[in-house]
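Participant: Have a look at this one.
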Amino acid sequence: MQHTLEQFFRALRAADVRVSPAEAIDASRAVAVTGYADRTLFRDALCSTLAKSAEEVDRFESVFDTFFSRDAVAMPPPSASDQGEPSDQDMAATESSPLAQAVLQGDNARIQQSMEEAAARAGVADIRLTTQRSRLTRRLLEEMGLEEIERIIANARRMPNGEGQGLADRLDEARRNLFAEAQTYVARQHELYAAGSARELREERLAKKQLNADGGVDPVDYQLMQALVKKMAKRLAAKYSRRRRAAQKGHLDVRKTLRRSMAYGGVPFTIEWKVKKVDKPSIVAICDVSKSVAAAAQFLLTFLYSLNEVVDRMDAFAFSGRLISVNDVLDDNAVEGAIFKVLQEIGFQQTDYGRSLQDFAENHMDSLDRRTTVIVLGDGRSNFADPRLDIMRQIHDRSRAVIWLNPEPESYWGQGDSVMNRYARFCHVAKQCGTIEQLERIIDDVLRSYVPH
Amino acid sequence: MAQSAFQTAISKDPVLTISPPAASADAADPLASVEALIAGLGSVGYISSRRIATALYMAVKLEKPILVEGSAGVGKTELALSTAALLGLPLIRMQCYEGLDESKALYEWKYGKQLLYTQILKDRMGEQLADAPSMDAAMDRLHGMGDLFFSEPFLEPRPLMKALREDGGCVLLIDEIDKSDEAFEAFLLEVLSAYQVSVPELGVIKAKTPPLVFLTSNNVRDLGDALKRRCLHLHIPLPEAALEERIVAARVPGIEAKLTRELVAFVQTLRTLDLRKSPSISETVDWARALVLLHADSLSPDVVRDTLNVILKFEQDIVAVEPQVVELLHKR
């Protein structure tokens, strides 16, 4: 049974329920207390030791149901013979193959057992890819002793006067059923053990997907990418909140300690430490939401909003023809819906960087101070309007850092109506940011390098 | 022993405090099986689902802390109180909050007494050392004196320390662990896995009988994996109608079955609405109490409107529900 439990843990890990060795030991101990007889008790005991959050409980239950479904083999009873019990003659003919006998008797429990044993020998649980399915099915059947059945069928067919014909037909039918059963079995194992690795592969691919690709982001991918962005943001938040805490350890503050000790007659009972003050960065995000950049803008905003633990203040502005503040829109709606709302509000005007920068300078320039990091997201294509570099210089001078993210590769900057290379002079960092993986890396840089001390 | 349980317990809601256990007289061992545990909890007024009882059973058998999650008012704290009552163990409660640190959770030195001690020490020391012939002799004598400055008599135990020193075992409730800082969470790890604490000046203090530890969390923030790993996990969902009716019947004596059915059905419908805070079990029980006080024997729209503020805790929720009351009453 220990082996079965180990397999079950593997299936759980594949379903993204984290099972550490210590938890595995706890689960085994729990099972030793409860025993296997009571299915509900068994399940609840495992659940309380292994699943550590409400979502994990859900996943645990679905894996448990798939894994411990014992009615797995449901072979139809051998039909053709009407006499119910297989004749002694048939039993004699199939003596060499216990499997064939089990099939003829319709003994599902024995078939199931033999399939489990064969699966362990064939290593079905190691399945990784869909393409392995047919090969593993074949191996599973071989291990179960299918060849022996095939030999019996061939022998029966060769018998004179068609005596063995009935037996051969029945076995042949059973063989087909068996094949179907083996296929479902392998498919189930694939679902149990390989689902996780397939998802990892998919996430990896999505992280590298170009956001401004033709046709935009596939709606199917979109949900996953949003989740991925949130996961990345959480990782960064954890990383940087730890750093902020570390900054609280300082040297002995002699003056404070002495003052505090006055109450105890000069005996320093409480010791005071100097605290390094670490400010959270405040971020101003200015996003181009015209069609070519909208997808990237959406992920950037999701990312920044998920960072609220480590970011002190976050102001977001969107522009295409004109610039507006989108804080309210973002607060009221989830980021997912917000971009569409913004587009409704400012419409699909021609992108005008100069005009938008001027809007920013007139209304929002005072939101910049020496602690602010400005993140601009745009392709820098201003449709040949005045780019207003003077305002860009002003923004550069007022803020702590200006970071420009451009979905286009660097070789395109300055070509056609792009004024990117001219804006780049007033940015501390100007980088290509076409995938969410690049996005994560850049935000990581922002938090590391541009946090005021 | 039961008496001391309720001296140490500082109850959040005095109305919900359970009367001292009558169960100890009961011959049946509540820990014999999960069924016995459900029955035992029932006898002290906690109607539990099978899953809750199983988790508790495992916690006792495996001597592991149990982390209880669920939205506010589903009976997380109550489970610990009831367990303490059922097992006849003292309950030690520690409420977590931001900024909670070792000196408030584990131990503190009695500064005032230490100060007096140093004063006495100074005087006595002068007498003792006055006749020493040389500096070396004085030092020898100094080392010969017992060093009491950091010792047990000056130790002021706080909840965690108290729980570990309770030789007959106890129930330790660490309430709303998610409100505390992550640093404190890390500090708890030693207590939870080995049932011991290290006091730098004294060494390791280990529990003779491991306490039964309950941690509760409202999911204000995600707890660390290290902490989760050391605990059994129990998520208490909002109950189904049948279970909730039994809870109300057990908690509100003298309520009529018809009223119970009606009000539980109404609360269950409310939970399907999009509200800022869905009513949980404690609200249902409070409401039932209120209705009994008002001598209502069935739910009429007027009664519901007048008492809506008992189940809904946000103005905008009340505003949203009030016009629909008649409709919602008909729905069931």
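Residues in the structure tokens are named by chain (A, B, ... in the order shown) and by number from 1 within that chain; ligands are numbered from 1 in the order shown.
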List every residue of region 27-173 of chain B that DSSP, applied to the backbone, labels as strand (DSSP E), and write the result as a ChimeraX atom specification.
Facilitator: /B:66-69,91-95,107-109,155-157,171-173
Participant: With C-alpha atoms kept, could you save the residues just selected as a compact mmCIF listing (two decimals), in the first residue's frame?
Facilitator:
# COMPACT_ATOMS: atom_id res chain seq x y z
CA ILE B 66 -4.29 22.40 13.27
CA LEU B 67 -4.70 25.45 11.04
CA VAL B 68 -8.33 26.45 10.69
CA GLU B 69 -9.29 28.71 7.81
CA LEU B 91 -7.64 26.94 27.25
CA ILE B 92 -4.91 29.47 26.66
CA ARG B 93 -5.70 32.04 24.07
CA MET B 94 -3.38 34.32 22.20
CA GLN B 95 -4.83 36.97 19.96
CA TYR B 107 8.02 35.74 28.00
CA GLU B 108 9.18 38.98 29.49
CA TRP B 109 11.60 39.68 32.30
CA LEU B 155 10.44 35.30 34.24
CA GLU B 156 7.00 36.59 33.37
CA PRO B 157 5.42 33.89 31.20
CA VAL B 171 -5.58 23.74 24.34
CA LEU B 172 -3.61 26.63 22.87
CA LEU B 173 -5.54 28.91 20.57
Participant: Write down, as a PyMOL selection string, each residue of chain A that has any atom within 12 Å of an atom of chain B, counting only C-alpha atoms.
Facilitator: chain A and resi 17-34+38+40-58+234+238+241-242+245-246+261+263-270+309
Participant: Take the residues just selected and output them with C-alpha atoms as a PDB file, in the first residue's frame.
Facilitator:
ATOM      1  CA  VAL A  17      -0.651  20.298  -4.656  1.00  0.00           C
ATOM      2  CA  ARG A  18       2.696  20.677  -2.957  1.00  0.00           C
ATOM      3  CA  VAL A  19       3.563  17.512  -1.073  1.00  0.00           C
ATOM      4  CA  SER A  20       6.894  17.695   0.708  1.00  0.00           C
ATOM      5  CA  PRO A  21       8.553  14.588   2.167  1.00  0.00           C
ATOM      6  CA  ALA A  22       7.539  15.709   5.652  1.00  0.00           C
ATOM      7  CA  GLU A  23       3.927  15.942   4.603  1.00  0.00           C
ATOM      8  CA  ALA A  24       4.169  12.549   2.957  1.00  0.00           C
ATOM      9  CA  ILE A  25       5.364  11.112   6.260  1.00  0.00           C
ATOM     10  CA  ASP A  26       2.513  12.789   8.095  1.00  0.00           C
ATOM     11  CA  ALA A  27       0.046  11.381   5.611  1.00  0.00           C
ATOM     12  CA  SER A  28       1.444   7.892   6.069  1.00  0.00           C
ATOM     13  CA  ARG A  29       1.163   8.266   9.828  1.00  0.00           C
ATOM     14  CA  ALA A  30      -2.390   9.498   9.448  1.00  0.00           C
ATOM     15  CA  VAL A  31      -3.251   6.483   7.324  1.00  0.00           C
ATOM     16  CA  ALA A  32      -1.718   4.198   9.928  1.00  0.00           C
ATOM     17  CA  VAL A  33      -4.177   5.651  12.440  1.00  0.00           C
ATOM     18  CA  THR A  34      -7.268   5.535  10.260  1.00  0.00           C
ATOM     19  CA  ASP A  38     -13.513   3.672   5.763  1.00  0.00           C
ATOM     20  CA  THR A  40     -14.468   8.884   3.764  1.00  0.00           C
ATOM     21  CA  LEU A  41     -12.274   8.774   6.845  1.00  0.00           C
ATOM     22  CA  PHE A  42      -9.293   7.789   4.721  1.00  0.00           C
ATOM     23  CA  ARG A  43      -9.928  10.654   2.331  1.00  0.00           C
ATOM     24  CA  ASP A  44     -10.516  13.281   5.010  1.00  0.00           C
ATOM     25  CA  ALA A  45      -7.436  12.205   6.940  1.00  0.00           C
ATOM     26  CA  LEU A  46      -5.255  12.466   3.847  1.00  0.00           C
ATOM     27  CA  CYS A  47      -6.887  15.743   2.918  1.00  0.00           C
ATOM     28  CA  SER A  48      -6.176  17.421   6.231  1.00  0.00           C
ATOM     29  CA  THR A  49      -2.521  16.389   6.148  1.00  0.00           C
ATOM     30  CA  LEU A  50      -1.837  17.136   2.478  1.00  0.00           C
ATOM     31  CA  ALA A  51      -4.007  19.960   1.187  1.00  0.00           C
ATOM     32  CA  LYS A  52      -3.065  23.312   2.671  1.00  0.00           C
ATOM     33  CA  SER A  53      -5.550  25.762   1.200  1.00  0.00           C
ATOM     34  CA  ALA A  54      -9.107  25.820  -0.057  1.00  0.00           C
ATOM     35  CA  GLU A  55      -7.960  25.539  -3.703  1.00  0.00           C
ATOM     36  CA  GLU A  56      -5.694  22.658  -2.857  1.00  0.00           C
ATOM     37  CA  VAL A  57      -8.599  20.895  -1.176  1.00  0.00           C
ATOM     38  CA  ASP A  58     -10.560  21.089  -4.429  1.00  0.00           C
ATOM     39  CA  LYS A 234       3.576  37.873  -6.226  1.00  0.00           C
ATOM     40  CA  ALA A 238       7.708  38.464  -1.702  1.00  0.00           C
ATOM     41  CA  SER A 241       9.166  42.852   1.052  1.00  0.00           C
ATOM     42  CA  ARG A 242      11.810  40.562   2.543  1.00  0.00           C
ATOM     43  CA  ARG A 245      12.446  43.936   6.440  1.00  0.00           C
ATOM     44  CA  ALA A 246      16.157  43.182   6.387  1.00  0.00           C
ATOM     45  CA  SER A 261      17.581  53.772  30.492  1.00  0.00           C
ATOM     46  CA  ALA A 263      13.660  55.224  33.774  1.00  0.00           C
ATOM     47  CA  TYR A 264      15.644  52.336  35.220  1.00  0.00           C
ATOM     48  CA  GLY A 265      18.183  54.439  37.049  1.00  0.00           C
ATOM     49  CA  GLY A 266      20.721  54.410  34.264  1.00  0.00           C
ATOM     50  CA  VAL A 267      20.642  50.652  33.757  1.00  0.00           C
ATOM     51  CA  PRO A 268      20.147  49.970  30.058  1.00  0.00           C
ATOM     52  CA  PHE A 269      17.328  47.425  30.121  1.00  0.00           C
ATOM     53  CA  THR A 270      15.926  48.123  26.719  1.00  0.00           C
ATOM     54  CA  GLU A 309       2.465  45.451  -1.156  1.00  0.00           C
TER      55      GLU A 309
END
Participant: Provide the CA of Ile281 (chain B) to CA of Leu312 (chain B) distance in Å, to one decimal place.
Facilitator: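 According to the coordinates, CA of Ile281 (chain B) and CA of Leu312 (chain B) are separated by 12.2 Å.
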Participant: Neighbours of region 282-288 of chain B within 10 Å (only C-alpha atoms; same-chain residues fewer than 6 positions away dropped), as number ranges by chain?
Facilitator: B: 15-16, 72-75, 78, 244-245, 247-253, 255, 259-260, 263-264, 266-268, 294, 296, 304, 307-313
Participant: Could you give me the residues within region 80-188 of chain B that DSSP places in helix (DSSP H, G or I), as a PyMOL selection string?
Facilitator: chain B and resi 80-87+102-105+111-130+135-144+152-154+159-165+177-179+182-188
